[in-house]
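Okay, final.txt now, which holds compact mmCIF, C-alpha atoms (C1' of nucleotides):
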# COMPACT_ATOMS: atom_id res chain seq x y z
CA MET A 981 2.43 -4.36 -7.44
CA TRP A 982 0.30 -3.95 -4.31
CA ILE A 983 -2.08 -6.63 -3.23
CA ILE A 984 -4.88 -5.42 -1.03
CA ILE A 985 -5.96 -8.07 1.42
CA SER A 986 -9.13 -7.51 3.38
CA PRO A 987 -9.22 -8.70 6.98
CA ASP A 988 -11.59 -11.45 5.97
CA MET A 989 -10.31 -13.31 2.97
CA THR A 990 -12.22 -16.43 3.89
CA ASP A 991 -14.74 -16.36 1.07
CA ALA A 992 -12.14 -15.48 -1.51
CA LEU A 993 -9.83 -18.26 -0.37
CA ASP A 994 -12.72 -20.74 -0.37
CA GLN A 995 -13.45 -19.92 -3.98
CA ILE A 996 -9.85 -19.79 -5.10
CA PHE A 997 -8.77 -23.07 -3.53
CA SER A 998 -11.85 -24.99 -4.56
CA ALA A 999 -11.46 -23.66 -8.08
CA LEU A 1000 -7.87 -24.91 -8.06
CA ALA A 1001 -8.90 -28.28 -6.64
CA ASP A 1002 -10.19 -29.53 -10.00
CA PRO A 1003 -7.63 -30.92 -12.49
CA THR A 1004 -9.60 -29.74 -15.53
CA ARG A 1005 -9.61 -26.20 -14.20
CA ARG A 1006 -5.91 -26.32 -13.37
CA GLN A 1007 -5.20 -27.53 -16.90
CA ILE A 1008 -7.24 -24.67 -18.31
CA LEU A 1009 -5.15 -22.20 -16.34
CA VAL A 1010 -1.97 -23.73 -17.72
CA MET A 1011 -3.37 -23.50 -21.24
CA LEU A 1012 -4.14 -19.84 -20.70
CA LEU A 1013 -0.52 -19.23 -19.74
CA GLU A 1014 0.29 -19.57 -23.41
CA ASP A 1015 -2.34 -17.29 -24.78
CA ASP A 1016 -5.83 -15.90 -24.35
CA MET A 1017 -8.46 -18.27 -25.74
CA ALA A 1018 -12.09 -18.46 -26.74
CA VAL A 1019 -14.37 -20.82 -24.82
CA THR A 1020 -14.64 -23.24 -27.74
CA ASP A 1021 -10.87 -23.42 -28.08
CA VAL A 1022 -10.43 -24.00 -24.37
CA ALA A 1023 -12.88 -26.90 -24.64
CA GLU A 1024 -11.20 -28.51 -27.61
CA PRO A 1025 -8.63 -30.78 -25.85
CA PHE A 1026 -11.15 -32.01 -23.28
CA GLU A 1027 -13.54 -34.88 -23.74
CA ILE A 1028 -16.32 -33.34 -21.70
CA SER A 1029 -19.11 -31.26 -23.17
CA LEU A 1030 -18.75 -27.61 -24.08
CA ALA A 1031 -21.34 -26.73 -21.45
CA ALA A 1032 -19.21 -28.39 -18.78
CA VAL A 1033 -16.14 -26.40 -19.85
CA SER A 1034 -18.25 -23.25 -19.86
CA LYS A 1035 -19.20 -24.00 -16.25
CA HIS A 1036 -15.56 -24.53 -15.31
CA LEU A 1037 -14.68 -21.18 -16.84
CA GLY A 1038 -17.48 -19.55 -14.89
CA ILE A 1039 -16.07 -20.96 -11.67
CA LEU A 1040 -12.57 -19.74 -12.54
CA ALA A 1041 -13.92 -16.30 -13.39
CA SER A 1042 -15.96 -16.07 -10.21
CA ALA A 1043 -12.81 -16.94 -8.24
CA LYS A 1044 -11.06 -14.19 -10.22
CA LEU A 1045 -8.48 -16.61 -11.51
CA ILE A 1046 -9.42 -15.60 -15.06
CA GLN A 1047 -11.10 -12.66 -16.74
CA GLN A 1048 -13.67 -13.08 -19.49
CA GLU A 1049 -14.48 -10.49 -22.07
CA ARG A 1050 -17.08 -10.86 -24.77
CA ARG A 1051 -16.24 -9.52 -28.21
CA GLY A 1052 -18.94 -10.25 -30.69
CA ARG A 1053 -20.10 -13.82 -30.30
CA VAL A 1054 -16.73 -14.88 -28.92
CA LYS A 1055 -15.93 -14.76 -25.20
CA TRP A 1056 -12.22 -14.41 -24.62
CA CYS A 1057 -10.62 -15.87 -21.51
CA LYS A 1058 -7.36 -14.73 -20.03
CA LEU A 1059 -5.49 -15.29 -16.78
CA ASP A 1060 -6.03 -12.91 -13.91
CA THR A 1061 -3.18 -13.07 -11.42
CA GLN A 1062 -4.95 -11.24 -8.62
CA ALA A 1063 -6.62 -14.25 -7.03
CA MET A 1064 -3.51 -16.35 -7.35
CA ASN A 1065 -1.58 -13.67 -5.52
CA ILE A 1066 -4.09 -13.65 -2.68
CA ALA A 1067 -3.83 -17.40 -2.21
CA TRP A 1068 -0.10 -17.32 -2.60
CA THR A 1069 0.19 -14.60 0.03
CA TRP A 1070 -1.92 -16.62 2.44
CA MET A 1071 0.25 -19.66 1.91
CA GLN A 1072 3.39 -17.66 2.46
CA GLY A 1073 2.11 -16.82 5.91
CA LEU A 1074 1.94 -20.51 6.64
CA GLY A 1075 5.31 -21.53 5.42
CA GLN A 1076 7.64 -18.59 5.03
CA PHE A 1077 8.70 -19.87 1.64
CA GLU A 1078 11.63 -18.06 0.21
CA HIS A 1079 12.66 -20.30 -2.61
CA ILE A 1080 11.44 -23.35 -4.39
CA ASP A 1081 12.22 -26.32 -2.17
CA LEU A 1082 13.30 -28.92 -4.66
CA ASP A 1083 14.53 -31.31 -1.98
CA GLY A 1084 11.16 -31.23 -0.33
CA LEU A 1085 9.50 -31.67 -3.68
CA GLU A 1086 11.67 -34.64 -4.50
CA ALA A 1087 10.94 -36.31 -1.17
CA PHE A 1088 7.25 -35.74 -1.70
CA LEU A 1089 7.23 -37.18 -5.19
CA GLU A 1090 9.29 -40.17 -4.15
CA GLU A 1091 6.82 -41.03 -1.45
CA THR A 1092 3.86 -40.46 -3.71
CA LEU A 1093 5.24 -42.50 -6.58
CA LYS A 1094 5.90 -45.47 -4.31
CA LYS A 1095 2.21 -46.06 -4.01
CA ASP A 1096 1.79 -47.54 -7.51
CA MET B 1271 11.14 -20.02 -12.85
CA TRP B 1272 9.90 -23.58 -13.18
CA ILE B 1273 6.41 -24.88 -13.20
CA ILE B 1274 5.65 -28.45 -12.46
CA ILE B 1275 3.04 -30.21 -14.52
CA SER B 1276 3.45 -33.92 -14.17
CA PRO B 1277 0.70 -36.52 -14.38
CA ASP B 1278 1.90 -37.88 -11.07
CA MET B 1279 1.25 -34.58 -9.39
CA THR B 1280 -2.38 -34.34 -10.37
CA ASP B 1281 -3.69 -36.42 -7.51
CA ALA B 1282 -1.46 -34.65 -5.03
CA LEU B 1283 -2.63 -31.22 -6.15
CA ASP B 1284 -6.25 -32.38 -6.10
CA GLN B 1285 -5.87 -33.41 -2.50
CA ILE B 1286 -3.86 -30.39 -1.42
CA PHE B 1287 -6.13 -27.78 -2.97
CA SER B 1288 -9.37 -29.41 -1.89
CA ALA B 1289 -7.96 -29.73 1.62
CA LEU B 1290 -7.15 -26.02 1.56
CA ALA B 1291 -10.58 -25.14 0.17
CA ASP B 1292 -12.29 -25.58 3.55
CA PRO B 1293 -12.11 -22.68 6.03
CA THR B 1294 -12.11 -24.95 9.08
CA ARG B 1295 -9.10 -26.82 7.72
CA ARG B 1296 -7.29 -23.58 6.89
CA GLN B 1297 -7.90 -22.37 10.42
CA ILE B 1298 -6.53 -25.62 11.81
CA LEU B 1299 -3.34 -25.11 9.82
CA VAL B 1300 -2.96 -21.60 11.22
CA MET B 1301 -3.47 -22.95 14.74
CA LEU B 1302 -0.77 -25.55 14.18
CA LEU B 1303 1.60 -22.81 13.14
CA GLU B 1304 1.81 -21.87 16.81
CA ASP B 1305 2.36 -25.30 18.23
CA ASP B 1306 1.73 -29.00 17.80
CA MET B 1307 -1.65 -30.01 19.19
CA ALA B 1308 -3.72 -33.01 20.23
CA VAL B 1309 -6.92 -33.73 18.32
CA THR B 1310 -9.13 -32.72 21.24
CA ASP B 1311 -7.31 -29.41 21.60
CA VAL B 1312 -7.59 -28.71 17.89
CA ALA B 1313 -11.34 -29.29 18.17
CA GLU B 1314 -11.82 -27.03 21.18
CA PRO B 1315 -12.40 -23.63 19.44
CA PHE B 1316 -14.78 -25.12 16.87
CA GLU B 1317 -18.46 -25.66 17.35
CA ILE B 1318 -18.64 -28.80 15.32
CA SER B 1319 -18.31 -32.29 16.74
CA LEU B 1320 -15.01 -33.94 17.61
CA ALA B 1321 -15.67 -36.56 14.95
CA ALA B 1322 -15.97 -33.84 12.32
CA VAL B 1323 -12.66 -32.30 13.37
CA SER B 1324 -11.09 -35.74 13.34
CA LYS B 1325 -12.24 -36.14 9.74
CA HIS B 1326 -10.78 -32.75 8.81
CA LEU B 1327 -7.47 -33.77 10.32
CA GLY B 1328 -7.56 -37.01 8.37
CA ILE B 1329 -8.03 -35.06 5.16
CA LEU B 1330 -5.16 -32.72 6.02
CA ALA B 1331 -2.92 -35.66 6.84
CA SER B 1332 -3.80 -37.52 3.66
CA ALA B 1333 -2.92 -34.39 1.68
CA LYS B 1334 0.36 -34.31 3.61
CA LEU B 1335 -0.36 -30.86 4.97
CA ILE B 1336 0.03 -32.21 8.50
CA GLN B 1337 1.66 -35.18 10.17
CA GLN B 1338 -0.01 -37.15 12.92
CA GLU B 1339 1.77 -39.22 15.52
CA ARG B 1340 0.08 -41.24 18.24
CA ARG B 1341 1.66 -41.23 21.68
CA GLY B 1342 -0.39 -43.11 24.23
CA ARG B 1343 -4.01 -42.22 23.82
CA VAL B 1344 -3.12 -38.80 22.44
CA LYS B 1345 -2.61 -38.18 18.71
CA TRP B 1346 -0.34 -35.22 18.09
CA CYS B 1347 -0.76 -33.11 14.98
CA LYS B 1348 1.91 -30.90 13.44
CA LEU B 1349 2.38 -29.02 10.22
CA ASP B 1350 4.09 -30.75 7.33
CA THR B 1351 5.52 -28.31 4.80
CA GLN B 1352 5.96 -30.83 1.97
CA ALA B 1353 2.53 -30.47 0.43
CA MET B 1354 2.45 -26.74 0.94
CA ASN B 1355 5.67 -26.46 -0.97
CA ILE B 1356 4.26 -28.42 -3.88
CA ALA B 1357 1.16 -26.27 -4.14
CA TRP B 1358 3.06 -23.05 -3.61
CA THR B 1359 5.56 -23.95 -6.31
CA TRP B 1360 2.81 -24.85 -8.77
CA MET B 1361 1.04 -21.58 -8.08
CA GLN B 1362 4.17 -19.54 -8.37
CA GLY B 1363 4.61 -20.91 -11.87
CA LEU B 1364 1.16 -19.69 -12.80
CA GLY B 1365 1.50 -16.29 -11.23
CA GLN B 1366 4.48 -15.30 -13.28
CA PHE B 1367 4.71 -15.24 -17.00
CA GLU B 1368 8.22 -16.42 -17.54
CA HIS B 1369 9.87 -19.14 -19.47
CA ILE B 1370 8.64 -22.60 -18.55
CA ASP B 1371 11.20 -25.37 -18.67
CA LEU B 1372 8.93 -28.35 -18.28
CA ASP B 1373 11.11 -30.91 -20.04
CA GLY B 1374 14.14 -29.78 -18.13
CA LEU B 1375 12.40 -30.17 -14.81
CA GLU B 1376 11.00 -33.59 -15.60
CA ALA B 1377 14.40 -34.78 -16.71
CA PHE B 1378 15.87 -33.40 -13.53
CA LEU B 1379 13.36 -35.13 -11.33
CA GLU B 1380 13.59 -38.42 -13.15
CA GLU B 1381 17.36 -38.43 -12.85
CA THR B 1382 17.30 -37.42 -9.21
CA LEU B 1383 14.75 -40.04 -8.27
CA LYS B 1384 16.77 -42.79 -9.89
CA LYS B 1385 19.67 -42.22 -7.53
CA ASP B 1386 18.50 -44.64 -4.83
C1' DA C 1442 -33.45 -13.53 -44.84
C1' DG C 1443 -31.63 -17.84 -43.63
C1' DA C 1444 -27.87 -20.74 -42.02
C1' DA C 1445 -24.00 -21.46 -39.27
C1' DT C 1446 -21.26 -20.48 -35.12
C1' DA C 1447 -20.38 -19.35 -30.10
C1' DT C 1448 -21.99 -19.71 -25.72
C1' DT C 1449 -25.23 -20.20 -22.07
C1' DC C 1450 -29.44 -21.91 -19.73
C1' DA C 1451 -32.44 -25.33 -17.51
C1' DA C 1452 -33.47 -29.59 -15.93
C1' DC C 1453 -31.77 -33.64 -14.43
C1' DC C 1454 -28.59 -37.27 -12.40
C1' DA C 1455 -24.85 -39.70 -9.68
C1' DT C 1456 -21.44 -38.96 -6.60
C1' DC C 1457 -18.78 -36.34 -3.17
C1' DT C 1458 -18.66 -33.53 1.07
C1' DG C 1459 -19.24 -31.94 5.67
C1' DG C 1460 -21.98 -32.54 9.18
C1' DT C 1461 -24.54 -35.42 12.81
C1' DT C 1462 -25.12 -39.26 16.47
C1' DG C 1463 -24.18 -43.41 19.06
C1' DA C 1464 -21.32 -47.23 19.79
C1' DC C 1465 -16.72 -48.86 20.18
C1' DG C 1466 -11.49 -49.89 21.19
C1' DA C 1467 -7.53 -48.25 23.44
C1' DT C 1468 -5.14 -45.97 27.02
C1' DT C 1469 -4.57 -43.73 31.44
C1' DA C 1470 -6.10 -42.61 36.26
C1' DA C 1471 -8.49 -43.70 40.82
C1' DT D 151 -10.96 -53.28 38.67
C1' DT D 152 -13.53 -49.61 37.48
C1' DA D 153 -14.09 -45.21 35.63
C1' DA D 154 -12.75 -41.48 32.79
C1' DT D 155 -10.46 -39.72 28.60
C1' DC D 156 -8.94 -39.77 23.61
C1' DG D 157 -10.05 -40.66 19.23
C1' DT D 158 -12.15 -43.32 15.38
C1' DC D 159 -15.83 -45.93 13.10
C1' DA D 160 -20.38 -46.72 10.95
C1' DA D 161 -24.59 -45.28 9.40
C1' DC D 162 -27.07 -41.68 7.97
C1' DC D 163 -28.55 -36.97 5.99
C1' DA D 164 -28.78 -32.46 3.33
C1' DG D 165 -26.57 -29.85 0.15
C1' DA D 166 -22.77 -29.04 -3.17
C1' DT D 167 -20.30 -30.59 -7.35
C1' DG D 168 -19.36 -32.15 -12.03
C1' DG D 169 -21.32 -34.17 -15.56
C1' DT D 170 -25.09 -34.83 -19.23
C1' DT D 171 -28.65 -33.32 -22.91
C1' DG D 172 -31.67 -30.33 -25.49
C1' DA D 173 -33.40 -25.88 -26.20
C1' DA D 174 -32.47 -20.92 -26.38
C1' DT D 175 -29.93 -16.50 -27.41
C1' DA D 176 -26.68 -13.73 -29.87
C1' DT D 177 -23.85 -12.81 -33.44
C1' DT D 178 -21.73 -13.38 -37.88
C1' DC D 179 -21.55 -15.25 -42.66
C1' DT D 180 -23.58 -16.17 -47.36
Please go through the file and, once you have read it, give me the structure as structure tokens.
Amino acid sequence: MWIIISPDMTDALDQIFSALADPTRRQILVMLLEDDMAVTDVAEPFEISLAAVSKHLGILASAKLIQQERRGRVKWCKLDTQAMNIAWTWMQGLGQFEHIDLDGLEAFLEETLKKD
Amino acid sequence: MWIIISPDMTDALDQIFSALADPTRRQILVMLLEDDMAVTDVAEPFEISLAAVSKHLGILASAKLIQQERRGRVKWCKLDTQAMNIAWTWMQGLGQFEHIDLDGLEAFLEETLKKD
DNA sequence: AGAATATTCAACCATCTGGTTGACGATTAA
DNA sequence: TTAATCGTCAACCAGATGGTTGAATATTCT
């Protein structure tokens, strides 16, 4: 699969990373890994209002992290991997990652968990 | 492929992704790819104040995307790959629709972290 | 047609963010 | 010792963000 990266990805990366910066939105993405969902179903496990979840979905869609398609009165949400690939590609340029660094991850978690 | 979804990681991912969401901070990271730099030198190509750059560096350091070390009156900044690895790993899990062994990973981490 | 369901819109609010400036402490150089 | 350099701190400001509520718009069900 080819990923076309324009010379100026700044705006896209702004949107993608700030979309990913919110834990509710990250959780939504994980939920959508399982299956496509309607807005109401996405909102179900959260304790915030439906309107708030609708806004989150709008932000994810505008960052192209999800796609939304209306069928009847239901709006279906599904993952869109394009934006994730753009961000991932950018990050690869910074770190030359070739594999998942579990040692690094462990060290990070250890340090983070100490702070409790 | 593993994806990491642990309550302990939420704060870390919040910090990492919101640090990456700002174009100035992303540019700083790219600059540090070349070489370690002093705060003043990091600030040089930007048109914002030194104090603003200093704040950006603080945010990057608190997200563990950079390390800062003071030598004399100069504070040296260098990339830290730990946080980048965390974010990259999390994203990789979302970009690919493969089996997710969450329980296995948590068990692995728990066991590994106990060993000290 | 009338009622229920799915989702968004609009207005509003508190808090966070990225920026500024000026003063300040610490370190090095003259 | 005095002056210059490096960086942070504190107070402040405008605009963005994430949340709320109530009304509005479509669509489907009875």
Checklist line | Which of B:Leu1349, B:Met1354, B:Val1300, B:Val1344 sits closest to DT155 (chain D) [using all atoms listed in the file] | finding: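 Residue with the minimum atom-to-atom distance to DT155 (chain D): B:Val1344.
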Residue hits in chain C, query chain A, radius 8 Å, all atoms listed in the file, as an mmCIF file with C-alpha atoms (C1' of nucleotides), in the coordinates of the input:
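Everything below was put into result14.cif:
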data_model
loop_
_atom_site.group_PDB
_atom_site.id
_atom_site.type_symbol
_atom_site.label_atom_id
_atom_site.label_comp_id
_atom_site.auth_asym_id
_atom_site.auth_seq_id
_atom_site.Cartn_x
_atom_site.Cartn_y
_atom_site.Cartn_z
ATOM 1 C "C1'" DA C 1447 -20.380 -19.350 -30.100
ATOM 2 C "C1'" DT C 1448 -21.990 -19.710 -25.720
ATOM 3 C "C1'" DT C 1449 -25.230 -20.200 -22.070
#
Margin query: Residues of chain A were defined as contacting chain B if any atom lay at most 6 Å from it, counting all atoms listed in the file; please report them as a list of chain:residue names.
Written below: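 Every residue meeting the condition is included here: A:Asp994, A:Phe997, A:Ser998, A:Ala1001, A:Thr1061, A:Gly1084.
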Next item on the list: Would you mind telling me which residue in A:Glu1049, A:Asp1021, A:Asp1016, A:Glu1027 lies nearest to chain D when using only C-alpha atoms (C1' of nucleotides)?
Entry: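 So, comparing all the options, the nearest one is A:Glu1027.
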Item checked: Interatomic distance, CA of Gln1338 (chain B) to C1' of DA153 (chain D) (Å, one decimal) -> 27.9 Å
